[in-house]
Amino acid sequence: MAIQTAERTDYAAAHTTAVNTGAPKRVAEMLDTVSLYLHIPFCHAKCHYCDFNSYAGMLGLREDYVAALVDEIALAGRRAALPDGAPRRCRTIFFGGGTPSLLTAEQVAAILVAARDAFAVDAEAEITLEANPGTLEYGHLDRLRAVGVNRLSMGAQSFDPALLKWMGRIHSPEEIEIAFRAARVAGFDNVNLDFIFALPGQSLATWQDTLERAIALGPEHLSLYSLIVEEGTPLFTWVKQGRVHEADEDLAADMYEYAEARLATAGYRQYEISNWATPDHACQHNLTYWRNLPYIGLGAGAHGSFADHRYVEARGVRDYIAHVCATLAAATSAHAADEQPDERQNAEQVGAHRQRLPVIHTAGSGAVGASNNRSIPFPLPAGAVVADDAIPRETAMVETAMVSLRLVEGLDLAAFAARFGCAFDSVFGARLADVRGLGLLEEAAGFLRLTEHGRLLGNEVFMRLLPDE
């Protein structure tokens, strides 16, 4: 069973009214901006359930990795610049991992300086860094806050010591509380705590205790995720071998519904399927994903979505560093060739360089995927791309609808029409007729959203957004 959220209608209606005014214009403006995702792949230990691109035992490569990332950020800024050469606006920066808090504050500062040099980073940009409670101490947090990190996201996962040990986490429940209080002392007034439910052997009472201890700390944001058994992880092997049994689906649903009700009484507003926040503390970076807006992913294994293309970077730490170095060398060679007096030689060298770079064919200005005969080749912003795909217009529409319906506010129909040049119902009306008839979708104040019942059956709606084969 896919667990979806049950919406608190009063908040959804109020928030819908607040964000609807001028929304199409704001969405159009945001399509010309980016968020930066910076992947830091280092960990002290690999958790049993984790399929993220992360590596233990490679901390000795941090310095070389950060140097490559700084160079890639500068390259991305040049490649993503606006047509007039001005730096592109950046609204949010997110250090994900891995365990980004394993970087020194000086390394984080160098990365942020590079980002601000390469992009027009908003003065009040949300800058998030993921952290492991077991590796944090006050002095480090104090320095991170001083260099510009203004949001901390801690992978707490549970307050049950046995479950933490089973997951392969290196911290204790007490260390979560110590790290959280240290963050407050360091000046962090925007802190997220991640937790996982539906863990094998986890009872409802254990989950309730974890939520109570989390609420008692008073974080501004909570992310609650149901455990997913990912192929390629030790957990996947254990489940396949019968050594571990996945949680009962009904119990998982009970855990979710309890969290929804308890967090509502504690003053948290649910704004996405797995995320709750106090007022004005929704994660702005993740809203980039849920509104299907452009983002530039940089670092080993990072994904990005920019100029109607989706791309993936080299996964291995050494491979990533080598790719960035090769791309920079090729760019330097091409630049030197530009200055050669022999124009034929120059053209040959630049042409050879361009053949080594991924190419985007843009549709020009206007709505995404607008009919246009122009095809403008230019390299993707990232410097270690190993795969990329064009995003067809209909795919972009499907993805925008699908991720937006994860939000409590739902899909802004006017913004959708402004972005794609067509009404939502002209494309999806017939596909969704049956789920509308079943009461899984509703329209209110210009937004299409899942009903309370629909949130329990969200996948039934999402699958109907896909075109027939």
# chains A, B, ... in the order shown; residues from 1 in each chain; ligands from 1
$ residues_around --residues "Trp276 (chain A)" --least-positions-apart "2" --cutoff "7 Å" --atoms "only C-alpha atoms" --output "list in words"
His221, Leu222, Ser223, Tyr268, Arg269, Gln270 and Tyr271 of chain A
$ residues_around --residues "region 298-303 of chain A" --least-positions-apart "3" --cutoff "7 Å" --atoms "only C-alpha atoms" --output "VMD selection string"
chain A and resid 37 to 41 53 69 311 to 317 320 382
$ write_last_selection --atoms "C-alpha atoms" --output "mmCIF file, in the first residue's frame"
data_model
loop_
_atom_site.group_PDB
_atom_site.id
_atom_site.type_symbol
_atom_site.label_atom_id
_atom_site.label_comp_id
_atom_site.auth_asym_id
_atom_site.auth_seq_id
_atom_site.Cartn_x
_atom_site.Cartn_y
_atom_site.Cartn_z
ATOM 1 C CA TYR A 37 22.259 20.863 -5.224
ATOM 2 C CA LEU A 38 25.829 20.051 -4.118
ATOM 3 C CA HIS A 39 26.502 16.382 -3.399
ATOM 4 C CA ILE A 40 29.012 15.485 -0.704
ATOM 5 C CA PRO A 41 29.479 11.678 -0.911
ATOM 6 C CA ASN A 53 25.696 7.685 -3.648
ATOM 7 C CA LEU A 69 33.556 20.938 -6.879
ATOM 8 C CA TYR A 311 21.423 14.725 -16.501
ATOM 9 C CA VAL A 312 23.519 12.566 -14.166
ATOM 10 C CA GLU A 313 27.124 13.090 -13.079
ATOM 11 C CA ALA A 314 29.867 10.473 -12.668
ATOM 12 C CA ARG A 315 29.208 8.502 -9.460
ATOM 13 C CA GLY A 316 32.630 7.481 -8.201
ATOM 14 C CA VAL A 317 34.592 10.078 -6.247
ATOM 15 C CA TYR A 320 33.992 12.600 -10.740
ATOM 16 C CA ALA A 382 27.694 20.524 -14.999
#
$ residues_around --residues "Gln284 (chain A)" --least-positions-apart "3" --cutoff "7 Å" --atoms "only C-alpha atoms" --output "list in words"
Thr92, Glu126, Leu287 and Thr288 of chain A
$ atom_distance --atom1 "CA of Val108 (chain A)" --atom2 "CA of Gly60 (chain A)"
16.3 Å
$ select_by_dssp --residues "region 56-298 of chain A" --states "alpha helix (DSSP H)" --output "PDB file with C-alpha atoms, in the first residue's frame"
ATOM      1  CA  ARG A  62      37.952  15.495   0.645  1.00  0.00           C
ATOM      2  CA  GLU A  63      40.472  18.181  -0.306  1.00  0.00           C
ATOM      3  CA  ASP A  64      40.732  17.085  -3.943  1.00  0.00           C
ATOM      4  CA  TYR A  65      36.959  16.642  -4.112  1.00  0.00           C
ATOM      5  CA  VAL A  66      36.216  20.108  -2.790  1.00  0.00           C
ATOM      6  CA  ALA A  67      38.733  21.625  -5.233  1.00  0.00           C
ATOM      7  CA  ALA A  68      36.977  19.854  -8.130  1.00  0.00           C
ATOM      8  CA  LEU A  69      33.556  20.938  -6.879  1.00  0.00           C
ATOM      9  CA  VAL A  70      34.673  24.570  -6.583  1.00  0.00           C
ATOM     10  CA  ASP A  71      35.978  24.430 -10.164  1.00  0.00           C
ATOM     11  CA  GLU A  72      32.758  22.811 -11.371  1.00  0.00           C
ATOM     12  CA  ILE A  73      30.643  25.493  -9.703  1.00  0.00           C
ATOM     13  CA  ALA A  74      32.607  28.192 -11.537  1.00  0.00           C
ATOM     14  CA  LEU A  75      32.153  26.316 -14.818  1.00  0.00           C
ATOM     15  CA  ALA A  76      28.423  25.858 -14.173  1.00  0.00           C
ATOM     16  CA  GLY A  77      28.019  29.559 -13.482  1.00  0.00           C
ATOM     17  CA  ARG A  78      29.580  30.473 -16.831  1.00  0.00           C
ATOM     18  CA  ARG A  79      27.554  27.904 -18.755  1.00  0.00           C
ATOM     19  CA  ALA A 105      33.812  24.819   7.838  1.00  0.00           C
ATOM     20  CA  GLU A 106      36.608  26.234   5.700  1.00  0.00           C
ATOM     21  CA  GLN A 107      35.735  23.821   2.893  1.00  0.00           C
ATOM     22  CA  VAL A 108      32.048  24.737   3.120  1.00  0.00           C
ATOM     23  CA  ALA A 109      33.025  28.415   3.051  1.00  0.00           C
ATOM     24  CA  ALA A 110      35.150  27.903  -0.086  1.00  0.00           C
ATOM     25  CA  ILE A 111      32.217  26.202  -1.824  1.00  0.00           C
ATOM     26  CA  LEU A 112      29.827  29.002  -0.876  1.00  0.00           C
ATOM     27  CA  VAL A 113      32.275  31.666  -2.065  1.00  0.00           C
ATOM     28  CA  ALA A 114      32.480  29.852  -5.398  1.00  0.00           C
ATOM     29  CA  ALA A 115      28.684  29.683  -5.625  1.00  0.00           C
ATOM     30  CA  ARG A 116      28.287  33.392  -4.924  1.00  0.00           C
ATOM     31  CA  ASP A 117      30.990  34.256  -7.447  1.00  0.00           C
ATOM     32  CA  ALA A 118      29.372  32.106 -10.145  1.00  0.00           C
ATOM     33  CA  TYR A 138      29.361  22.983  18.971  1.00  0.00           C
ATOM     34  CA  GLY A 139      32.545  24.509  17.535  1.00  0.00           C
ATOM     35  CA  HIS A 140      31.921  23.036  14.094  1.00  0.00           C
ATOM     36  CA  LEU A 141      28.279  24.147  14.076  1.00  0.00           C
ATOM     37  CA  ASP A 142      29.278  27.626  15.181  1.00  0.00           C
ATOM     38  CA  ARG A 143      31.712  27.916  12.266  1.00  0.00           C
ATOM     39  CA  LEU A 144      29.206  26.526   9.754  1.00  0.00           C
ATOM     40  CA  ARG A 145      26.661  29.135  10.802  1.00  0.00           C
ATOM     41  CA  ALA A 146      29.311  31.860  10.567  1.00  0.00           C
ATOM     42  CA  PRO A 161      18.601   2.761  20.358  1.00  0.00           C
ATOM     43  CA  ALA A 162      17.955  -0.772  19.094  1.00  0.00           C
ATOM     44  CA  LEU A 163      16.533   0.498  15.809  1.00  0.00           C
ATOM     45  CA  LEU A 164      19.413   2.943  15.353  1.00  0.00           C
ATOM     46  CA  LYS A 165      21.854   0.078  15.802  1.00  0.00           C
ATOM     47  CA  TRP A 166      19.891  -2.118  13.387  1.00  0.00           C
ATOM     48  CA  MET A 167      19.970   0.635  10.743  1.00  0.00           C
ATOM     49  CA  PRO A 173      19.272   8.976  20.872  1.00  0.00           C
ATOM     50  CA  GLU A 174      21.045  11.224  23.384  1.00  0.00           C
ATOM     51  CA  GLU A 175      23.396  12.491  20.686  1.00  0.00           C
ATOM     52  CA  ILE A 176      20.399  13.681  18.643  1.00  0.00           C
ATOM     53  CA  GLU A 177      19.336  15.899  21.521  1.00  0.00           C
ATOM     54  CA  ILE A 178      22.890  17.085  22.195  1.00  0.00           C
ATOM     55  CA  ALA A 179      23.424  17.972  18.520  1.00  0.00           C
ATOM     56  CA  PHE A 180      20.091  19.751  18.310  1.00  0.00           C
ATOM     57  CA  ARG A 181      20.804  21.897  21.360  1.00  0.00           C
ATOM     58  CA  ALA A 182      24.282  22.648  20.051  1.00  0.00           C
ATOM     59  CA  ALA A 183      22.706  23.849  16.811  1.00  0.00           C
ATOM     60  CA  ARG A 184      20.513  26.231  18.770  1.00  0.00           C
ATOM     61  CA  VAL A 185      23.518  27.577  20.683  1.00  0.00           C
ATOM     62  CA  LEU A 204       3.401   1.859  17.082  1.00  0.00           C
ATOM     63  CA  ALA A 205       4.352   2.683  20.690  1.00  0.00           C
ATOM     64  CA  THR A 206       8.019   3.042  19.717  1.00  0.00           C
ATOM     65  CA  TRP A 207       7.080   5.346  16.846  1.00  0.00           C
ATOM     66  CA  GLN A 208       4.875   7.422  19.144  1.00  0.00           C
ATOM     67  CA  ASP A 209       7.757   7.816  21.594  1.00  0.00           C
ATOM     68  CA  THR A 210      10.075   8.964  18.795  1.00  0.00           C
ATOM     69  CA  LEU A 211       7.550  11.599  17.717  1.00  0.00           C
ATOM     70  CA  GLU A 212       7.073  12.848  21.275  1.00  0.00           C
ATOM     71  CA  ARG A 213      10.796  13.290  21.785  1.00  0.00           C
ATOM     72  CA  ALA A 214      11.093  15.041  18.426  1.00  0.00           C
ATOM     73  CA  ILE A 215       8.233  17.427  19.194  1.00  0.00           C
ATOM     74  CA  ALA A 216       9.727  18.182  22.603  1.00  0.00           C
ATOM     75  CA  LEU A 217      12.872  19.511  20.917  1.00  0.00           C
ATOM     76  CA  PRO A 234      22.183  -4.978   2.399  1.00  0.00           C
ATOM     77  CA  LEU A 235      18.575  -4.596   3.556  1.00  0.00           C
ATOM     78  CA  PHE A 236      17.306  -5.727   0.140  1.00  0.00           C
ATOM     79  CA  THR A 237      19.450  -8.868   0.388  1.00  0.00           C
ATOM     80  CA  TRP A 238      18.231  -9.608   3.915  1.00  0.00           C
ATOM     81  CA  VAL A 239      14.587  -9.263   2.887  1.00  0.00           C
ATOM     82  CA  LYS A 240      15.125 -11.464  -0.163  1.00  0.00           C
ATOM     83  CA  GLN A 241      16.800 -14.101   2.009  1.00  0.00           C
ATOM     84  CA  GLU A 249       1.248  -2.277   5.645  1.00  0.00           C
ATOM     85  CA  ASP A 250      -1.651  -1.640   8.004  1.00  0.00           C
ATOM     86  CA  LEU A 251       0.764  -0.879  10.854  1.00  0.00           C
ATOM     87  CA  ALA A 252       2.698   1.470   8.565  1.00  0.00           C
ATOM     88  CA  ALA A 253      -0.550   3.266   7.727  1.00  0.00           C
ATOM     89  CA  ASP A 254      -1.411   3.534  11.421  1.00  0.00           C
ATOM     90  CA  MET A 255       2.004   5.071  12.103  1.00  0.00           C
ATOM     91  CA  TYR A 256       1.527   7.597   9.357  1.00  0.00           C
ATOM     92  CA  GLU A 257      -1.983   8.591  10.385  1.00  0.00           C
ATOM     93  CA  TYR A 258      -0.892   8.943  14.004  1.00  0.00           C
ATOM     94  CA  ALA A 259       1.960  11.244  12.950  1.00  0.00           C
ATOM     95  CA  GLU A 260      -0.389  13.335  10.873  1.00  0.00           C
ATOM     96  CA  ALA A 261      -2.817  13.856  13.734  1.00  0.00           C
ATOM     97  CA  ARG A 262      -0.175  14.356  16.431  1.00  0.00           C
ATOM     98  CA  LEU A 263       1.866  16.884  14.471  1.00  0.00           C
ATOM     99  CA  ALA A 264      -1.269  18.870  13.680  1.00  0.00           C
ATOM    100  CA  THR A 265      -2.009  19.247  17.381  1.00  0.00           C
ATOM    101  CA  GLN A 284      12.328  26.148  -0.174  1.00  0.00           C
ATOM    102  CA  HIS A 285      14.897  23.950  -1.882  1.00  0.00           C
ATOM    103  CA  ASN A 286      12.649  20.895  -1.917  1.00  0.00           C
ATOM    104  CA  LEU A 287       9.789  23.038  -3.206  1.00  0.00           C
ATOM    105  CA  THR A 288      11.967  23.490  -6.294  1.00  0.00           C
ATOM    106  CA  TYR A 289      11.612  19.765  -6.934  1.00  0.00           C
ATOM    107  CA  TRP A 290       7.925  19.601  -6.067  1.00  0.00           C
TER     108      TRP A 290
END
$ select_by_dssp --residues "region 284-342 of chain A" --states "strand (DSSP E or B)" --output "PyMOL selection string"
chain A and resi 295-298+303-306+309-313
$ closest_residue --among "A:Arg291, A:Ala390, A:Met154, A:Gly439" --to "Arg419 (chain A)" --atoms "only C-alpha atoms"
A:Arg291
$ closest_residue --among "A:Leu413, A:Val147, A:Ala277, A:Leu465" --to "Ala433 (chain A)" --atoms "only C-alpha atoms"
A:Leu465
$ closest_residue --among "A:Asp319, A:Asp468, A:Glu130, A:Asp189" --to "Gly383 (chain A)" --atoms "only C-alpha atoms"
A:Asp319
$ atom_distance --atom1 "CA of Val386 (chain A)" --atom2 "CA of Arg88 (chain A)"
23.8 Å
$ atom_distance --atom1 "CA of Arg318 (chain A)" --atom2 "CA of Leu59 (chain A)"
12.1 Å
